[in-house]
Each structure stands twice: as C-alpha cells, then as structure tokens.
2 protein chains.
Amino acid sequence: MLTGYHVAILGGDARQIEIIRKLNEWNATVYKAGFDQLNESFTEAMDLDLDSDHVSKLDAIILPVPGTDESGNIDGIFTNRLIHLSEEWLKKTPAHCRIFTGITNDYLTGLAKKVNRSLHPLMDRDDVAIYNSIPTVEGTLMLAIQHTDFTIHSSKLVILGLGRVGMTLARVFNHMGADVSVGVRSSKNKARVHEMGLKALDMNQLKTEDLHCDLLINTVPKLVVDQDVIKQLPSHALIIDLASKPGGTDFSFAEKRGIRAMLAPGLPGIVAPKTAGRIIADVLAGILLEEGRKEKSDD
Amino acid sequence: MLTGYHVAILGGDARQIEIIRKLNEWNATVYKAGFDQLNESFTEAMDLDLDSDHVSKLDAIILPVPGTDESGNIDGIFTNRLIHLSEEWLKKTPAHCRIFTGITNDYLTGLAKKVNRSLHPLMDRDDVAIYNSIPTVEGTLMLAIQHTDFTIHSSKLVILGLGRVGMTLARVFNHMGADVSVGVRSSKNKARVHEMGLKALDMNQLKTEDLHCDLLINTVPKLVVDQDVIKQLPSHALIIDLASKPGGTDFSFAEKRGIRAMLAPGLPGIVAPKTAGRIIADVLAGILLEEGRKEKSDD
C-alpha cells in the first residue's frame, strides 16, 4: 500500500489514467495537472495547483512516457496547455521527491542533476522494456496485417535485432506461421536464434545476406536499413521500424524505390493504453514501496 | 497447366485479380466481366461480351465468393453495373461448364440444377475453409488489437466452437499469450481442447459455465451468444462474431447492455485478398485439372 504517499501526475495520455487508478487502489494521494479536458466525472485525482503548498509534500512526480521536450515542456492529450517543468518549481518539492519519466533527454537529465532530485527513466529498465514489448509486438502485428494484402502466415519475415523487443517479435511472428529470419551481431544471439528454430542473419555483413522478404521489421536504433538493404527488397515489401526516433531506416531512399516504410514508435500507448499504464504503475509501485520507503526514512 | 481451358470471371473483388493472375500463369484463356473500372493496364484477361460466341466455349465460370443474390445478380467492386446470371444465358455454355462460387443460395442452387450444370460452392470444402481460416484469424486478431485498450496477451478469451476456424483461433490466440477457453459440444472436441492445453467449456449448458472474459469470439452460426451469455460479460468485453450472416449473437441485447459486439464476415478478402485469391485459385486449378479433364473427355 502507498498510504501517505503524495504523487503528482503531470500531463500524458490514456496510460496516465490507468496509473492514477492503480495509485488510488494502493491508497496513494494523487494529484493531476494537464487533465482539464478529461470527463468531469473523473474524480480519482485532485487537481494540482502548481503554486500551492501541495507541491512541498510530493513524494513523486510522474511525467508522461516521452518526458519533456528540450525546452522542458510537458505535453498532454487531455489539455491544450503546456506544462513547463522549471528549476524554480522543482526546488519547491521535498529533497526526496523522485521524478519518473518514460525516457529522458538532455534538458530533463540536466535539470534533475541541478536540483538534486533522483530521475527514473522507466523505459531504460529491462523489465519495463520487456513488458512493453508485448503491446509493441501486438501493435506491429496489427500494422503488418492492415498494411499488406497477404497473410503473415507463410510470409517471409526479416527481423533486425534480438533485443528486448526483437525476441518477442521473433517468438510471436514465428507462432503466427511466418518464415522468420533474425539479424544478429553476437555469436550468443546467433545461438539463441538457432535454438528458437529460426534462421540467423549476420548483421555484421548484412549486405551479403539474403534479405529478400515480404516484411522487414527493424528494432536497431542505428541506420541499419540502408540503401544496400533496401535495394534487396521486392517492391511489395513493407518495412516497419520500431527503433526510437528517427528510426534505423533510410526512409527517403525507401520512398524513392517505392518501398513502403513506416516508423512506428509508441505502439503500447496506442494499441493497449490500459495494459501499458498498468506496466508503468506496477513498476512504479515496486520502486516507491521498496526503495522509496527506505530513502524517505533517510531524509 | 490449363492450356486450352476457357474460364470466365464474373464480378468480385481483389481476390479475383489474384485468381486471374494464377489462371494466366497456368496458361488458361481468361475472360472477365464486371471489371470495367479496373486500371486499364490490367490486360491479363479479355473482356467477355456476354452475348458473344465465347460463351459457348467456357469450361468454367467463376463467381465471387458471395455468389449471387436471391435474384441472381452478381456484385463486383470494380463495376457499377450488376451482372445478372440467368437461365437463358447459362444454357449457352457447354454442358460440361462448371460453375464455381464461394457460397451458394436457393437461387443459384436451383438455377444450376435447372440448366444441369455442376455447381461448386468452394467454401463448403474443408480444405478451403481451413486455408481461409488463416486470414480470418489474422483479421480477427487485428480487430481485437484495434478495438481493445488491453493486450491480447494475458487477456481472458472465450472461443465458441472448435470447427475449422475455431481450431485456428484457439492455436493462434493461445500462442499470443491469451488465457483461452473453448466452448465445445462433443466429448471428442472436449478432449482436443484439453490436449491443446486449453480449458473446455460445455456449450450444451453454457449458462452454467464461467464466461467472464475480456474477449468472446463466436464461430457458431446459431444464436449461441444469447441474453444469458451476454449478461455474464463485463462491460469492457468485446464480442467478435465470425459466423456467417446474421451471426450467432443477440446484437440488440448486447447494445442494450452496452457491450460492444461486431459481426465480422469476409475477413480474408479484407485483410489478405492476395492470399485469399491464391487459396481459391489453387483449389480451383486442382479441381479443373484433376476432375475437369476427365469429365470433359466424357462429354
């Protein structure tokens, strides 16, 4: 239980609604800012006046998954206003106040350091990334089914990368009946792909591998789907790039060649906001309960 | 090879394009009617003048998957005109001319009998139904991912029926990580569900079974998702009904209870017209080659 915990949710999307619900179940005191356009019947969190004394009681601040922009502004789909996360305001929080975000950037990392508040980029955690890979892969599957005129079953699929998302992709698309090859760099991952009954491609020399496929899914946040790779694809092929912006695909070359390519970030929030919110809430609660109490008593 | 075979494609959708392509590969002489709005560069079939002598050479007529309506009209997405399949016209075809359709109705069955031409409702065949279950289930998965805010993984799923589509549904959704129960009537199917590691529900007394689930998929073309079943569903549940029209769901009661329910027929033609067309073309070629030649020589 999070009784006595004061948590502020600043901006975000439908995932935040699920986080608020979960924090309430665990009996935390929840404040919200950036939800002014939400249905009025939503009373599970109090409106946070950013200038009020409540700020000095906050044990945690929860930012949206994308965090802030490089100017420190926080976006929210339930408001037209931007919330600015400033040094001055953060200093009003107690010293033990933790800042949770999905991902961080130079502004946010720098700010947290300056005001000496601990910053937790949740998407950096292996557990969150693995849980999140489930809705990511379901969203990828949805896109693949929507944007092709053939079945995934019996189609030839190349996955680049066997990381936290690549592993889930390989398992699910294999079970769907696709003919799956996975591009990997290490001998360890080559062995794993073999163990899974799939075909390994050597990403250290992708140019020389057979990449003729119906569907190419990239998870590597580097330019790996380059001109040499795209040249090998048949005209009906579809590229889905799951790597964080700007992706790992030469999109302009793909367009020139008439190969459809789509960057698809943030799928969990789109296809399964409820599950995605729960994933964050569960990890959040774990951190607040286990480490949080300890640090708070150290204050 | 189908050299010397004269085949007419009357109306239909993108699946017909794939059928025409395949028939061409096998060297058949292909005529088309009901494709006047198709791109002019599509020259893989000759336009069929319904009053011409070509009609007397036809070895096979291929109707769209839905066949004709009860007045004998054939629909096509590439034309604004209806094609009427009349007794008078069919009599102009040679006696051995076969009529292929997806499904049949009283009009079509009666007409074929009257003119003494063999009628082949392809969707009645087990092989076609099983091949078609692949795009049907991919389409169902797409709808389920699109229309829920949770992941299929870890969701509670009830499938009604373990027929040709139900079996594919059970396998795929189980592999997606859903918690799958399957409603069956026979002890044989109960055993099969058990063997698959899933939970069997007794459809002979569905009322007394635990149907609390996130997703209910029906494949039974009888009113099985009735008021008693719908009353057990939580408000966030989604019903997807794959049974042929009018489905097996009390849709008006579902609406009254605020439970979302969708009838989703014809998914293969929507999500994978290329694969769905190939399935039909392959079976068609098999019939024309194996049985067709024999009968033709008997004429």
# chains A, B, ... in the order shown; residues from 1 in each chain; ligands from 1
$ residues_around --residues "region 60-72 of chain B" --least-positions-apart "5" --cutoff "9 Å" --atoms "only C-alpha atoms" --output "mmCIF file with C-alpha atoms, in the first residue's frame"
data_model
loop_
_atom_site.group_PDB
_atom_site.id
_atom_site.type_symbol
_atom_site.label_atom_id
_atom_site.label_comp_id
_atom_site.auth_asym_id
_atom_site.auth_seq_id
_atom_site.Cartn_x
_atom_site.Cartn_y
_atom_site.Cartn_z
ATOM 1 C CA TYR B 5 -9.210 -24.066 -70.821
ATOM 2 C CA HIS B 6 -11.650 -21.175 -71.189
ATOM 3 C CA VAL B 7 -12.602 -19.574 -67.910
ATOM 4 C CA ALA B 8 -14.838 -16.544 -67.247
ATOM 5 C CA ILE B 9 -14.542 -14.486 -64.074
ATOM 6 C CA LEU B 10 -17.816 -12.658 -63.358
ATOM 7 C CA GLY B 11 -17.662 -9.834 -60.802
ATOM 8 C CA GLY B 12 -15.961 -9.948 -57.413
ATOM 9 C CA ASP B 13 -13.177 -8.141 -55.594
ATOM 10 C CA ARG B 15 -9.313 -11.800 -54.793
ATOM 11 C CA GLN B 16 -10.472 -12.225 -58.387
ATOM 12 C CA ILE B 83 -24.372 -8.808 -63.833
ATOM 13 C CA HIS B 84 -27.455 -10.970 -63.954
ATOM 14 C CA LEU B 85 -26.908 -14.728 -64.056
ATOM 15 C CA SER B 86 -29.939 -16.008 -65.990
ATOM 16 C CA THR B 93 -22.467 -22.547 -72.037
ATOM 17 C CA HIS B 96 -19.625 -29.602 -69.134
ATOM 18 C CA CYS B 97 -19.219 -25.989 -67.977
ATOM 19 C CA ARG B 98 -18.675 -25.840 -64.225
ATOM 20 C CA ILE B 99 -19.881 -23.030 -62.010
ATOM 21 C CA PHE B 100 -17.597 -22.086 -59.113
ATOM 22 C CA THR B 101 -18.781 -19.883 -56.275
ATOM 23 C CA GLY B 102 -17.754 -19.224 -52.696
ATOM 24 C CA ILE B 103 -21.138 -19.881 -51.180
ATOM 25 C CA THR B 104 -24.476 -20.707 -52.762
ATOM 26 C CA ASN B 105 -28.111 -19.845 -52.080
ATOM 27 C CA ASP B 106 -31.531 -21.109 -53.194
ATOM 28 C CA TYR B 107 -31.444 -19.128 -56.438
ATOM 29 C CA LEU B 108 -28.020 -20.327 -57.507
ATOM 30 C CA LEU B 111 -30.568 -22.446 -61.348
ATOM 31 C CA PRO B 121 -19.514 -23.943 -53.592
ATOM 32 C CA LEU B 122 -15.827 -23.773 -52.674
ATOM 33 C CA MET B 123 -16.355 -22.528 -49.109
ATOM 34 C CA GLY B 266 -15.431 -11.818 -45.145
ATOM 35 C CA LEU B 288 -10.145 -28.209 -63.108
#
$ interface_residues --of "chain B" --to "chain A" --cutoff "7 Å" --atoms "only C-alpha atoms" --output "compact mmCIF listing (two decimals) with C-alpha atoms, in the first residue's frame"
# COMPACT_ATOMS: atom_id res chain seq x y z
CA PRO B 135 -6.56 -14.87 -42.95
CA GLU B 138 -5.34 -12.76 -38.66
CA MET B 142 -6.28 -7.24 -36.00
CA ILE B 145 -5.95 -5.44 -31.08
CA GLN B 146 -7.60 -2.37 -32.66
CA THR B 148 -9.44 -3.03 -27.10
CA ASP B 149 -7.27 -0.93 -24.80
CA PHE B 150 -5.57 -4.02 -23.33
CA THR B 151 -3.19 -6.57 -24.82
CA VAL B 172 -3.12 -18.51 -32.55
CA HIS B 175 0.36 -18.53 -28.78
CA MET B 176 -0.29 -14.81 -28.37
CA VAL B 271 -7.02 -8.32 -44.73
CA ALA B 272 -5.35 -10.61 -47.26
CA PRO B 273 -7.04 -10.52 -50.68
CA LYS B 274 -3.88 -11.79 -52.36
CA THR B 275 -3.58 -14.86 -50.14
$ select_by_dssp --residues "region 189-288 of chain A" --states "strand (DSSP E or B)" --output "ChimeraX atom specification"
/A:199-202,215-218,225,238-241,249,260-263
$ atom_distance --atom1 "CA of Gly248 (chain B)" --atom2 "CA of Ala170 (chain B)"
18.3 Å
$ residues_around --residues "Ile279 (chain A)" --least-positions-apart "5" --cutoff "10 Å" --atoms "only C-alpha atoms" --output "PyMOL selection string"
chain A and resi 15+18-19+127-129+131-132+273-274+284
$ atom_distance --atom1 "CA of Lys256 (chain B)" --atom2 "CA of Lys207 (chain B)"
19.4 Å
$ atom_distance --atom1 "CA of Phe78 (chain B)" --atom2 "CA of Leu90 (chain B)"
22.6 Å
$ select_by_dssp --residues "region 61-94 of chain B" --states "helix (DSSP H, G or I)" --output "list of chain:residue names"
B:Glu87, B:Glu88, B:Trp89, B:Leu90
$ write_last_selection --atoms "N, CA and C atoms" --output "short mmCIF file (atom, residue, chain, number, x, y, z; two decimals), in the first residue's frame"
data_model
loop_
_atom_site.label_atom_id
_atom_site.label_comp_id
_atom_site.auth_asym_id
_atom_site.auth_seq_id
_atom_site.Cartn_x
_atom_site.Cartn_y
_atom_site.Cartn_z
N GLU B 87 -31.02 -18.08 -66.52
CA GLU B 87 -31.14 -19.45 -67.04
C GLU B 87 -30.79 -19.46 -68.53
N GLU B 88 -31.35 -18.49 -69.22
CA GLU B 88 -31.15 -18.36 -70.66
C GLU B 88 -29.66 -18.27 -71.02
N TRP B 89 -28.96 -17.44 -70.27
CA TRP B 89 -27.53 -17.25 -70.56
C TRP B 89 -26.73 -18.50 -70.24
N LEU B 90 -27.00 -19.09 -69.10
CA LEU B 90 -26.23 -20.28 -68.69
C LEU B 90 -26.39 -21.43 -69.68
#
$ residues_around --residues "Leu233 (chain B)" --least-positions-apart "4" --cutoff "8 Å" --atoms "only C-alpha atoms" --output "VMD selection string"
chain B and resid 211 to 214 229 237 259
$ residues_around --residues "Asp228 (chain A)" --least-positions-apart "2" --cutoff "12 Å" --atoms "only C-alpha atoms" --output "MDAnalysis selection string"
chainID A and resid 205:212 223:226 230:233 249:250 253:254 257
$ residues_around --residues "Leu198 (chain A)" --least-positions-apart "2" --cutoff "9 Å" --atoms "only C-alpha atoms" --output "ChimeraX atom specification"
/A:170,174,179-182,192-196,200
$ residues_around --residues "Ser186 (chain B)" --least-positions-apart "6" --cutoff "10 Å" --atoms "only C-alpha atoms" --output "PyMOL selection string"
chain B and resi 162+192+202-204
